[in-house]
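**Q** Sharing work_12.txt below, compact mmCIF, C-alpha atoms:
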```txt
# COMPACT_ATOMS: atom_id res chain seq x y z
CA MET A 19 -11.48 39.47 7.98
CA PRO A 20 -14.19 37.50 6.11
CA ILE A 21 -14.02 34.58 8.58
CA ARG A 22 -16.94 34.95 10.96
CA ASN A 23 -15.80 36.09 14.40
CA ARG A 24 -17.86 33.45 16.19
CA ILE A 25 -16.33 30.69 14.06
CA ALA A 26 -12.84 32.06 14.68
CA GLU A 27 -13.58 31.91 18.41
CA MET A 28 -14.57 28.26 18.08
CA GLN A 29 -11.50 27.15 16.14
CA GLY A 30 -9.69 25.68 19.15
CA GLU A 31 -12.76 23.73 20.22
CA ILE A 32 -13.39 22.42 16.71
CA ALA A 33 -9.72 21.41 16.42
CA GLU A 34 -10.09 19.41 19.64
CA TRP A 35 -13.02 17.52 18.11
CA ARG A 36 -10.99 16.88 14.99
CA GLN A 37 -7.96 15.60 16.89
CA ASP A 38 -10.16 13.29 18.94
CA PHE A 39 -11.59 11.81 15.74
CA HIS A 40 -8.02 11.49 14.48
CA ARG A 41 -6.98 9.49 17.54
CA HIS A 42 -9.85 7.07 17.05
CA PRO A 43 -10.19 6.28 13.31
CA GLU A 44 -12.88 3.90 12.10
CA LEU A 45 -13.32 2.19 8.76
CA LEU A 46 -16.18 2.09 6.26
CA TYR A 47 -19.53 1.54 7.98
CA GLU A 48 -17.99 0.75 11.37
CA VAL A 49 -17.94 4.41 12.41
CA HIS A 50 -20.01 3.83 15.53
CA ARG A 51 -17.93 5.95 17.91
CA THR A 52 -17.58 8.82 15.45
CA ALA A 53 -21.26 8.82 14.51
CA GLY A 54 -22.27 8.63 18.16
CA ILE A 55 -20.18 11.68 19.07
CA VAL A 56 -21.50 13.56 16.03
CA ALA A 57 -25.12 12.83 17.00
CA GLN A 58 -24.51 13.79 20.62
CA LYS A 59 -22.96 17.12 19.71
CA LEU A 60 -25.69 17.94 17.20
CA ARG A 61 -28.28 17.41 19.94
CA GLU A 62 -26.26 19.57 22.33
CA PHE A 63 -26.16 22.33 19.71
CA GLY A 64 -29.97 22.34 19.62
CA CYS A 65 -30.53 20.99 16.11
CA ASP A 66 -34.23 20.56 15.38
CA GLU A 67 -33.89 16.90 14.45
CA VAL A 68 -31.08 14.36 14.70
CA VAL A 69 -31.52 10.92 13.15
CA GLU A 70 -28.97 8.11 13.32
CA GLY A 71 -28.67 4.94 11.27
CA ILE A 72 -29.25 6.42 7.81
CA GLY A 73 -27.25 4.36 5.32
CA ARG A 74 -26.44 2.01 8.20
CA THR A 75 -24.32 4.38 10.31
CA GLY A 76 -24.89 7.82 8.83
CA VAL A 77 -26.27 10.77 10.79
CA VAL A 78 -28.66 13.43 9.46
CA ALA A 79 -29.63 16.61 11.33
CA THR A 80 -31.81 19.58 10.46
CA ILE A 81 -31.54 23.21 11.49
CA LYS A 82 -34.41 25.52 10.69
CA GLY A 83 -33.85 29.20 10.08
CA ARG A 84 -35.64 31.96 11.96
CA THR A 85 -38.21 31.87 9.19
CA ASP A 86 -39.21 29.43 6.45
CA THR A 87 -41.12 31.42 3.87
CA SER A 88 -38.98 30.21 0.99
CA GLY A 89 -39.45 26.47 1.57
CA ARG A 90 -35.86 26.02 0.45
CA VAL A 91 -33.81 23.11 1.78
CA ILE A 92 -30.10 22.62 1.14
CA GLY A 93 -27.88 19.73 2.20
CA LEU A 94 -24.31 19.95 3.48
CA ARG A 95 -22.27 16.75 3.60
CA ALA A 96 -19.14 15.49 5.40
CA ASP A 97 -17.58 12.00 5.38
CA MET A 98 -16.51 10.26 8.60
CA ASP A 99 -14.46 7.14 7.76
CA ALA A 100 -10.70 6.56 7.82
CA LEU A 101 -8.29 4.33 5.89
CA PRO A 102 -6.49 1.03 6.60
CA ILE A 103 -3.03 2.65 6.82
CA ASN A 104 -0.44 2.65 9.62
CA GLU A 105 0.11 6.27 10.64
CA ALA A 106 3.57 7.84 10.47
CA SER A 107 2.66 11.50 10.99
CA GLY A 108 4.37 11.83 14.37
CA VAL A 109 1.66 14.14 15.74
CA ALA A 110 0.81 14.00 19.44
CA TYR A 111 -2.74 12.90 18.66
CA ALA A 112 -1.78 10.16 16.21
CA SER A 113 -4.04 7.16 15.69
CA GLU A 114 -4.34 4.85 18.68
CA THR A 115 -5.71 2.06 16.50
CA PRO A 116 -3.03 0.01 14.72
CA GLY A 117 -3.54 -0.25 10.97
CA MET A 118 -6.00 2.65 10.76
CA MET A 119 -5.61 6.38 10.32
CA HIS A 120 -7.36 9.46 9.00
CA ALA A 121 -5.13 9.76 5.95
CA CYS A 122 -7.68 11.61 3.82
CA GLY A 123 -8.85 14.32 6.21
CA HIS A 124 -12.35 13.06 6.87
CA ASP A 125 -11.74 13.90 10.54
CA GLY A 126 -11.35 17.51 9.39
CA HIS A 127 -14.42 17.42 7.17
CA THR A 128 -16.56 16.07 10.01
CA ALA A 129 -15.25 18.65 12.47
CA ILE A 130 -15.80 21.49 10.00
CA LEU A 131 -19.43 20.54 9.41
CA LEU A 132 -19.96 20.17 13.16
CA GLY A 133 -18.53 23.66 13.65
CA ALA A 134 -20.84 25.04 10.99
CA ALA A 135 -23.77 23.24 12.64
CA LYS A 136 -23.01 24.84 16.00
CA TYR A 137 -22.81 28.28 14.42
CA LEU A 138 -26.01 27.85 12.39
CA ALA A 139 -27.94 26.49 15.38
CA GLU A 140 -26.90 29.52 17.42
CA THR A 141 -27.60 32.18 14.81
CA ARG A 142 -30.34 30.76 12.53
CA ASN A 143 -29.90 33.81 10.34
CA PHE A 144 -31.55 32.27 7.27
CA ASP A 145 -34.93 31.49 5.76
CA GLY A 146 -35.35 27.77 5.13
CA THR A 147 -33.82 24.51 6.37
CA ALA A 148 -30.24 23.27 6.44
CA VAL A 149 -29.79 19.49 6.36
CA LEU A 150 -26.46 18.26 7.72
CA ILE A 151 -25.31 14.91 6.31
CA PHE A 152 -22.56 12.92 8.07
CA GLN A 153 -21.73 9.95 5.87
CA PRO A 154 -19.91 6.67 6.49
CA ALA A 155 -17.93 4.55 4.04
CA GLU A 156 -16.68 7.02 1.46
CA GLU A 157 -13.42 5.12 1.14
CA GLY A 158 -14.69 2.37 -1.13
CA GLY A 159 -17.93 1.48 0.63
CA ALA A 160 -20.35 3.75 -1.28
CA GLY A 161 -21.84 5.20 1.89
CA GLY A 162 -23.28 8.08 -0.11
CA LEU A 163 -25.23 5.64 -2.24
CA ALA A 164 -26.40 3.77 0.88
CA MET A 165 -27.76 6.99 2.39
CA CYS A 166 -29.52 7.87 -0.87
CA GLU A 167 -31.04 4.39 -1.10
CA ASP A 168 -32.24 4.83 2.48
CA GLY A 169 -34.37 7.71 1.22
CA MET A 170 -32.33 10.52 2.74
CA LEU A 171 -32.81 13.08 -0.01
CA ASP A 172 -36.56 12.56 -0.31
CA ARG A 173 -37.20 12.16 3.42
CA TRP A 174 -35.70 15.58 4.16
CA ASN A 175 -36.69 17.15 0.83
CA VAL A 176 -33.10 18.08 0.04
CA GLN A 177 -33.23 20.30 -3.05
CA GLU A 178 -29.51 20.83 -3.60
CA VAL A 179 -26.37 19.51 -1.92
CA TYR A 180 -22.81 20.72 -1.30
CA GLY A 181 -19.60 19.28 0.06
CA LEU A 182 -15.90 20.02 0.35
CA HIS A 183 -12.64 18.11 0.46
CA ASN A 184 -9.29 19.30 1.72
CA ALA A 185 -6.56 19.72 -0.89
CA PRO A 186 -2.87 19.35 0.03
CA GLY A 187 -0.74 21.72 -2.01
CA LEU A 188 -3.29 24.54 -2.08
CA PRO A 189 -2.68 27.43 0.33
CA VAL A 190 -4.57 27.11 3.60
CA GLY A 191 -8.01 28.67 3.50
CA THR A 192 -8.19 29.03 -0.27
CA PHE A 193 -10.78 27.34 -2.48
CA SER A 194 -10.87 25.70 -5.89
CA MET A 195 -13.62 24.16 -8.00
CA ARG A 196 -14.73 23.52 -11.56
CA LYS A 197 -17.93 23.05 -13.53
CA GLY A 198 -18.88 19.72 -15.08
CA ALA A 199 -16.90 16.51 -14.71
CA THR A 200 -14.65 17.05 -11.70
CA MET A 201 -13.66 13.60 -10.42
CA ALA A 202 -13.50 10.30 -12.26
CA SER A 203 -15.53 7.16 -12.27
CA ALA A 204 -13.65 4.43 -10.41
CA ASP A 205 -14.16 0.94 -11.84
CA GLN A 206 -12.02 -2.06 -10.97
CA PHE A 207 -11.35 -5.48 -12.42
CA ASP A 208 -9.91 -8.85 -11.46
CA ILE A 209 -8.54 -11.13 -14.18
CA VAL A 210 -7.43 -14.75 -13.84
CA VAL A 211 -5.43 -16.18 -16.73
CA ARG A 212 -5.54 -19.98 -16.60
CA GLY A 213 -2.99 -22.05 -18.49
CA LYS A 214 -1.30 -25.40 -18.04
CA GLY A 215 1.60 -25.59 -15.61
CA GLY A 216 4.86 -27.36 -16.26
CA HIS A 217 8.64 -27.36 -16.07
CA ALA A 218 10.24 -24.11 -17.19
CA ALA A 219 12.76 -26.11 -19.24
CA ARG A 220 9.92 -27.64 -21.27
CA PRO A 221 7.63 -24.70 -22.07
CA HIS A 222 6.31 -26.42 -25.20
CA LEU A 223 4.52 -28.94 -22.97
CA ALA A 224 2.78 -26.21 -20.99
CA ILE A 225 0.46 -23.29 -21.67
CA ASP A 226 2.21 -20.36 -20.06
CA PRO A 227 -0.26 -17.94 -18.40
CA VAL A 228 2.58 -15.50 -17.66
CA VAL A 229 3.20 -14.91 -21.37
CA ALA A 230 -0.53 -14.50 -21.99
CA ALA A 231 -0.79 -12.08 -19.05
CA GLY A 232 2.13 -10.03 -20.40
CA HIS A 233 0.47 -9.61 -23.78
CA LEU A 234 -2.81 -8.88 -22.04
CA ILE A 235 -1.26 -6.00 -20.10
CA VAL A 236 0.02 -4.47 -23.32
CA ALA A 237 -3.24 -5.08 -25.18
CA LEU A 238 -5.33 -3.39 -22.48
CA GLN A 239 -3.37 -0.17 -23.01
CA SER A 240 -4.69 -0.06 -26.57
CA ILE A 241 -8.09 0.90 -25.15
CA ALA A 242 -6.77 4.37 -24.31
CA SER A 243 -4.54 4.70 -27.35
CA ARG A 244 -6.75 3.20 -30.08
CA ASN A 245 -10.37 2.78 -28.95
CA ILE A 246 -11.18 6.11 -27.26
CA ASP A 247 -11.33 9.56 -28.83
CA PRO A 248 -7.86 11.06 -28.14
CA VAL A 249 -9.34 14.30 -26.82
CA LYS A 250 -11.11 12.36 -24.07
CA GLU A 251 -9.47 10.85 -21.01
CA VAL A 252 -9.27 7.29 -19.76
CA VAL A 253 -6.67 5.57 -17.61
CA VAL A 254 -6.28 1.78 -17.55
CA SER A 255 -3.88 0.71 -14.80
CA ILE A 256 -2.76 -2.83 -14.00
CA CYS A 257 -1.75 -2.60 -10.35
CA THR A 258 -1.19 -6.23 -9.34
CA LEU A 259 0.26 -9.29 -11.09
CA ARG A 260 0.64 -12.51 -9.13
CA ALA A 261 1.37 -16.05 -10.27
CA ASP A 262 0.39 -19.12 -8.26
CA SER A 263 4.04 -20.20 -8.28
CA ALA A 264 7.01 -18.30 -6.86
CA THR A 265 9.89 -20.49 -7.98
CA HIS A 266 12.42 -20.00 -10.77
CA ASN A 267 11.74 -23.16 -12.72
CA VAL A 268 7.98 -23.69 -12.68
CA ILE A 269 5.47 -22.42 -15.23
CA PRO A 270 2.43 -21.65 -13.10
CA MET A 271 -1.11 -22.84 -13.64
CA SER A 272 -2.58 -19.35 -13.38
CA VAL A 273 -1.83 -15.65 -13.07
CA GLN A 274 -4.00 -13.02 -11.37
CA LEU A 275 -4.16 -9.37 -12.41
CA ARG A 276 -5.96 -6.50 -10.71
CA GLY A 277 -6.43 -2.96 -11.84
CA THR A 278 -8.57 0.12 -12.12
CA ILE A 279 -10.11 2.20 -14.90
CA ARG A 280 -10.75 5.93 -14.54
CA THR A 281 -12.52 8.33 -16.86
CA LEU A 282 -14.31 11.67 -16.68
CA ASP A 283 -16.89 10.79 -19.36
CA PRO A 284 -19.82 8.42 -18.69
CA ASP A 285 -19.98 7.52 -22.41
CA VAL A 286 -16.30 6.57 -22.40
CA ARG A 287 -16.95 4.48 -19.32
CA ASP A 288 -19.60 2.55 -21.24
CA GLN A 289 -17.20 1.97 -24.14
CA VAL A 290 -14.37 0.63 -21.99
CA GLU A 291 -16.02 -2.32 -20.29
CA PRO A 292 -16.91 -4.33 -23.45
CA ARG A 293 -13.42 -3.66 -24.84
CA VAL A 294 -11.84 -5.06 -21.68
CA ARG A 295 -14.01 -8.15 -21.93
CA ALA A 296 -13.13 -8.75 -25.58
CA ILE A 297 -9.40 -8.20 -25.05
CA VAL A 298 -9.26 -10.56 -22.07
CA GLU A 299 -11.12 -13.32 -23.88
CA HIS A 300 -9.34 -13.18 -27.22
CA THR A 301 -5.80 -12.33 -26.09
CA CYS A 302 -5.76 -15.23 -23.69
CA ALA A 303 -7.28 -17.56 -26.29
CA ALA A 304 -4.52 -16.64 -28.75
CA PHE A 305 -2.02 -18.28 -26.38
CA GLY A 306 -4.19 -21.28 -25.59
CA ALA A 307 -5.10 -19.91 -22.18
CA VAL A 308 -8.47 -18.97 -20.71
CA GLY A 309 -9.18 -15.51 -19.32
CA GLU A 310 -11.75 -14.97 -16.56
CA LEU A 311 -12.85 -11.41 -15.83
CA GLU A 312 -14.71 -9.85 -12.90
CA TYR A 313 -15.52 -6.22 -13.75
CA GLU A 314 -17.01 -4.03 -11.04
CA ARG A 315 -18.38 -0.57 -11.63
CA GLY A 316 -17.52 1.69 -8.74
CA TYR A 317 -18.25 5.35 -8.11
CA PRO A 318 -19.66 7.26 -11.09
CA VAL A 319 -18.17 10.42 -12.58
CA LEU A 320 -18.64 13.33 -10.18
CA VAL A 321 -20.31 16.08 -12.22
CA ASN A 322 -20.71 19.52 -10.67
CA HIS A 323 -23.71 21.57 -11.79
CA ASP A 324 -22.77 24.86 -13.45
CA ASP A 325 -25.11 27.25 -11.62
CA ASN A 326 -24.29 25.68 -8.27
CA VAL A 327 -20.56 26.03 -8.88
CA ASP A 328 -21.05 29.72 -9.61
CA PHE A 329 -22.95 30.09 -6.36
CA ALA A 330 -20.35 28.09 -4.39
CA ALA A 331 -17.57 30.24 -5.82
CA ASP A 332 -19.35 33.47 -4.92
CA ALA A 333 -19.82 32.20 -1.38
CA ALA A 334 -16.14 31.21 -1.22
CA LEU A 335 -15.15 34.73 -2.31
CA ALA A 336 -16.99 36.04 0.74
CA VAL A 337 -14.63 33.93 2.85
CA SER A 338 -11.32 33.97 0.94
CA ALA A 339 -9.69 36.32 -1.55
CA GLU A 340 -8.24 33.33 -3.41
CA VAL A 341 -10.81 31.23 -5.29
CA ASP A 342 -10.02 29.24 -8.43
CA ARG A 343 -13.14 28.61 -10.50
CA ASN A 344 -11.31 26.62 -13.19
CA ALA A 345 -9.41 23.99 -11.27
CA PRO A 346 -8.24 20.94 -13.23
CA ALA A 347 -10.28 17.75 -13.08
CA ARG A 348 -8.88 14.86 -11.02
CA LEU A 349 -8.96 11.13 -11.71
CA GLY A 350 -9.57 10.19 -8.10
CA GLY A 351 -13.02 8.83 -7.25
CA GLU A 352 -15.53 10.29 -4.77
CA ASP A 353 -18.94 8.93 -3.82
CA PHE A 354 -20.45 12.40 -3.45
CA ALA A 355 -21.07 11.70 -7.14
CA TYR A 356 -24.12 9.65 -6.15
CA LEU A 357 -25.69 12.68 -4.48
CA LEU A 358 -24.96 14.88 -7.48
CA GLU A 359 -26.62 12.34 -9.78
CA ARG A 360 -29.82 12.89 -7.82
CA ARG A 361 -29.68 16.57 -6.89
CA PRO A 362 -27.99 19.71 -8.25
CA GLY A 363 -25.01 20.87 -6.26
CA ALA A 364 -21.25 21.25 -6.16
CA TYR A 365 -18.19 19.66 -4.61
CA ILE A 366 -15.24 21.96 -3.96
CA SER A 367 -11.69 21.87 -2.60
CA LEU A 368 -10.34 23.64 0.49
CA GLY A 369 -6.60 24.33 0.74
CA ASN A 370 -4.72 22.21 3.28
CA GLY A 371 -1.32 23.83 2.82
CA ASP A 372 2.00 22.08 2.41
CA SER A 373 1.02 18.71 3.85
CA ALA A 374 1.80 15.17 2.81
CA PRO A 375 -0.52 13.96 0.03
CA LEU A 376 -3.84 12.28 0.68
CA HIS A 377 -3.68 8.56 1.58
CA HIS A 378 -0.06 8.95 2.73
CA PRO A 379 1.07 7.64 6.16
CA GLU A 380 2.44 11.08 7.05
CA TYR A 381 -0.66 13.05 6.02
CA ASN A 382 -2.40 15.25 8.59
CA PHE A 383 -5.33 17.62 8.24
CA ASN A 384 -4.38 21.26 8.83
CA ASP A 385 -6.47 22.75 11.65
CA ASP A 386 -5.77 26.24 10.32
CA ALA A 387 -8.18 25.41 7.46
CA ILE A 388 -11.09 24.97 9.88
CA PRO A 389 -12.34 28.60 10.00
CA ALA A 390 -12.50 28.91 6.21
CA GLY A 391 -14.34 25.60 5.83
CA CYS A 392 -16.89 26.38 8.54
CA SER A 393 -17.41 29.90 7.23
CA TRP A 394 -18.00 28.61 3.69
CA PHE A 395 -20.69 26.19 4.85
CA ALA A 396 -22.33 28.97 6.89
CA GLU A 397 -22.08 31.41 3.99
CA MET A 398 -23.69 28.84 1.67
CA VAL A 399 -26.71 28.54 3.96
CA GLU A 400 -27.13 32.23 4.67
CA ARG A 401 -26.53 33.31 1.09
CA ARG A 402 -28.65 30.59 -0.54
CA MET A 403 -31.49 31.11 1.92
CA PRO A 404 -31.26 34.79 2.94
CA ALA A 405 -33.21 35.80 6.03
CA ALA A 406 -36.67 37.10 5.17
```
Have the structure of the file written as structure tokens, please.

**A**
Amino acid sequence: MPIRNRIAEMQGEIAEWRQDFHRHPELLYEVHRTAGIVAQKLREFGCDEVVEGIGRTGVVATIKGRTDTSGRVIGLRADMDALPINEASGVAYASETPGMMHACGHDGHTAILLGAAKYLAETRNFDGTAVLIFQPAEEGGAGGLAMCEDGMLDRWNVQEVYGLHNAPGLPVGTFSMRKGATMASADQFDIVVRGKGGHAARPHLAIDPVVAAGHLIVALQSIASRNIDPVKEVVVSICTLRADSATHNVIPMSVQLRGTIRTLDPDVRDQVEPRVRAIVEHTCAAFGAVGELEYERGYPVLVNHDDNVDFAADAALAVSAEVDRNAPARLGGEDFAYLLERRPGAYISLGNGDSAPLHHPEYNFNDDAIPAGCSWFAEMVERRMPAA
């Protein structure tokens, strides 16, 4: 069996860590309990250095191999934060914090990297340095960017960086990945359409922001259908529409819209924003209304580096017989993209079996995926930095 025997022996212990994190979810940068336990365990494992407070609440540890003739340093990353969702999984270790749960499997990612850290600290069968990165605030807080801006990559001389995410629907312990654009940029916008309120029976005396907002929704879809090369991908989604009146006979003063824009091409991303601005301004003006736009650029496109994907796939094949090197791109966002903008590396998927989808109240990380995830991280270190 390609799973390392020592890691297989530790599965129960690692699962206990994971289930403890699951019971006690924390949001964004407020991962103080999780980060504290992570730092404590890393010190118990005998890591050479453990530093807290990187990117506010991130933890970074180093493990040196038996030798360091190569000077090579690779980073391995896991995210620690949960989501503001009420859990409905029914598991015995369900969240004990109302309104919060690990609905994306970051509890599993953290436990997997801790398990790999324990194994690597015990064996040290490599030539170089492994840097273990435990990151807060992936779920919308850009914790990866915060850690980069805190000098993490330069401070520890990280030369390349790798991470994984569990994937519901893929068989447990299998891997998938792709070269190039893998996950989308995640921009968001808020629009306020301001008109002139009035009685619904006398619409000619008002300026109806609802009508303007309706045409605006349709017009924004023309960005994908008429402004962007059809062979490229962009999604414009209006997710919220709310008027400042909720009665049947009042034309409101204003309407608010919220939405997101996803694309796998940085050039397309640059084309979309000015089109949104022009459409909001001129469509609203055509109806006598005024459109106000707040446009926020979120996570960038996550772009895997070709050579590093090949290496990650070869390492995965040493762990699992089922590795997909040509997985489809996804339009979800992921702030590991910030690390890949600064260093070569790869972000891959680990099968989570037949679970509820990510961000679902019934989702639960599959502890049977732990040995494969830990073994892949260990294989990456030992293969990328073979013992001298």

**Q** So, counting only C-alpha atoms, which residue among A:Thr141, A:Ser255, A:Gln206, A:Ser88 is closest to Tyr313 of chain A?

**A** A:Gln206

**Q** Taking into account only C-alpha atoms, which residue in the set A:Arg401, A:Phe193, A:Arg260, A:Glu291 is nearest to Arg343 of chain A?

**A**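 Smallest separation from Arg343 of chain A among the options: A:Phe193.
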
**Q** Set up a box along x, y and z of the file covering all listed atoms of segment 288-307 of chain A, add 5 Å on every one of the six sides, and write the centre and edge lengths in Å to one decimal, as lines of an AutoDock Vina configuration file.

**A**
```
center_x = -10.8
center_y = -9.4
center_z = -24.5
size_x = 27.6
size_y = 33.8
size_z = 18.5
```

**Q** To one decimal place in Å, what is the distance between atom CA of Arg280 of chain A and atom CA of Met201 of chain A?

**A** 9.2 Å

**Q** Give me, please, the distance in Å between atom CA of Ala406 of chain A and atom CA of Gly89 of chain A, quoted to one decimal.

**A**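 Going from atom CA of Ala406 of chain A over to atom CA of Gly89 of chain A, I get 11.6 Å.
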
**Q** Please list as a short mmCIF file (atom, residue, chain, number, x, y, z; two decimals) with C-alpha atoms, in the frame of the given file every residue within 10 Å of Ile32 of chain A, counting only C-alpha atoms and excluding residues in the same chain fewer than 5 positions away.

**A**
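Wrote part27.cif, looks like this:
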```cif
data_model
loop_
_atom_site.label_atom_id
_atom_site.label_comp_id
_atom_site.auth_asym_id
_atom_site.auth_seq_id
_atom_site.Cartn_x
_atom_site.Cartn_y
_atom_site.Cartn_z
CA ILE A 25 -16.33 30.69 14.06
CA ALA A 26 -12.84 32.06 14.68
CA GLU A 27 -13.58 31.91 18.41
CA GLN A 37 -7.96 15.60 16.89
CA ASP A 38 -10.16 13.29 18.94
CA GLY A 126 -11.35 17.51 9.39
CA THR A 128 -16.56 16.07 10.01
CA ALA A 129 -15.25 18.65 12.47
CA ILE A 130 -15.80 21.49 10.00
CA LEU A 131 -19.43 20.54 9.41
CA LEU A 132 -19.96 20.17 13.16
CA GLY A 133 -18.53 23.66 13.65
CA ALA A 134 -20.84 25.04 10.99
CA LYS A 136 -23.01 24.84 16.00
CA ASP A 385 -6.47 22.75 11.65
CA ILE A 388 -11.09 24.97 9.88
CA PRO A 389 -12.34 28.60 10.00
CA CYS A 392 -16.89 26.38 8.54
#
```

**Q** Which of these, A:Ala242, A:Leu311, A:Ala304, A:Ala185, has the shortest distance to Ala374 of chain A once you count all atoms listed in the file?

**A**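 Ranking A:Ala242, A:Leu311, A:Ala304, A:Ala185 by distance to Ala374 of chain A, first place goes to A:Ala185.
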
**Q** Compare A:Gly191, A:Gly232, A:Gly350, A:Pro270 by their minimum atom-to-atom distance to Ala334 of chain A, counting all atoms listed in the file, and give me the closest one.

**A**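 So, comparing all the options, the nearest one is A:Gly191.
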
**Q** In Å, how far is it from atom CA of Gly316 of chain A to atom CA of Ala204 of chain A?

**A** 5.0 Å

**Q** Which residues, written as a count of residues only, have at least one atom at most 9 Å from Val286 of chain A, with all atoms listed in the file counted and residues fewer than 4 positions away on the same chain left out?

**A** 8

**Q** If we count all atoms listed in the file, what is near segment 72-82 of chain A at a cut-off of 8 Å, once residues fewer than 5 positions away on the same chain are taken out, given as a VMD selection string?

**A** chain A and resid 47 to 50 53 56 to 57 60 65 to 67 135 138 to 139 142 145 to 154 161 to 168 170

**Q** From the options A:Met398, A:Val179, A:Leu238, A:Val294, which residue's atoms come nearest to Gly93 of chain A, counting only C-alpha atoms?

**A**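 Among A:Met398, A:Val179, A:Leu238, A:Val294, it is A:Val179 that comes nearest to Gly93 of chain A.
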
**Q** At a cut-off of 8 Å from (-4.8, -14.6, -17.2) in the coordinates of the file, what residues are picked up using all atoms listed in the file, written as a PyMOL selection string?

**A** chain A and resi 209-213+227-228+230-231+234+272-275+298+302+307-310

**Q** Can you fill out segment 70-81 of chain A with N, CA and C atoms and hand it back as a short mmCIF file (atom, residue, chain, number, x, y, z; two decimals), keeping the file's coordinate frame?

**A**
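The resulting result_13.cif:
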```
data_model
loop_
_atom_site.label_atom_id
_atom_site.label_comp_id
_atom_site.auth_asym_id
_atom_site.auth_seq_id
_atom_site.Cartn_x
_atom_site.Cartn_y
_atom_site.Cartn_z
N GLU A 70 -30.11 9.00 13.54
CA GLU A 70 -28.97 8.11 13.32
C GLU A 70 -29.40 6.91 12.49
N GLY A 71 -28.41 6.20 11.97
CA GLY A 71 -28.67 4.94 11.27
C GLY A 71 -29.12 5.09 9.84
N ILE A 72 -28.90 6.25 9.22
CA ILE A 72 -29.25 6.42 7.81
C ILE A 72 -28.07 5.90 6.97
N GLY A 73 -28.35 5.00 6.04
CA GLY A 73 -27.25 4.36 5.32
C GLY A 73 -26.39 3.56 6.28
N ARG A 74 -27.06 2.86 7.18
CA ARG A 74 -26.44 2.01 8.20
C ARG A 74 -25.89 2.80 9.38
N THR A 75 -24.91 3.65 9.17
CA THR A 75 -24.32 4.38 10.31
C THR A 75 -24.20 5.88 10.06
N GLY A 76 -24.91 6.40 9.07
CA GLY A 76 -24.89 7.82 8.83
C GLY A 76 -25.77 8.59 9.80
N VAL A 77 -25.50 9.89 9.91
CA VAL A 77 -26.27 10.77 10.79
C VAL A 77 -26.78 11.94 9.96
N VAL A 78 -28.06 12.28 10.15
CA VAL A 78 -28.66 13.43 9.46
C VAL A 78 -29.29 14.33 10.51
N ALA A 79 -29.03 15.63 10.42
CA ALA A 79 -29.63 16.61 11.33
C ALA A 79 -30.22 17.75 10.53
N THR A 80 -31.21 18.41 11.10
CA THR A 80 -31.81 19.58 10.46
C THR A 80 -31.71 20.78 11.39
N ILE A 81 -31.52 21.94 10.78
CA ILE A 81 -31.54 23.21 11.49
C ILE A 81 -32.45 24.14 10.70
#
```
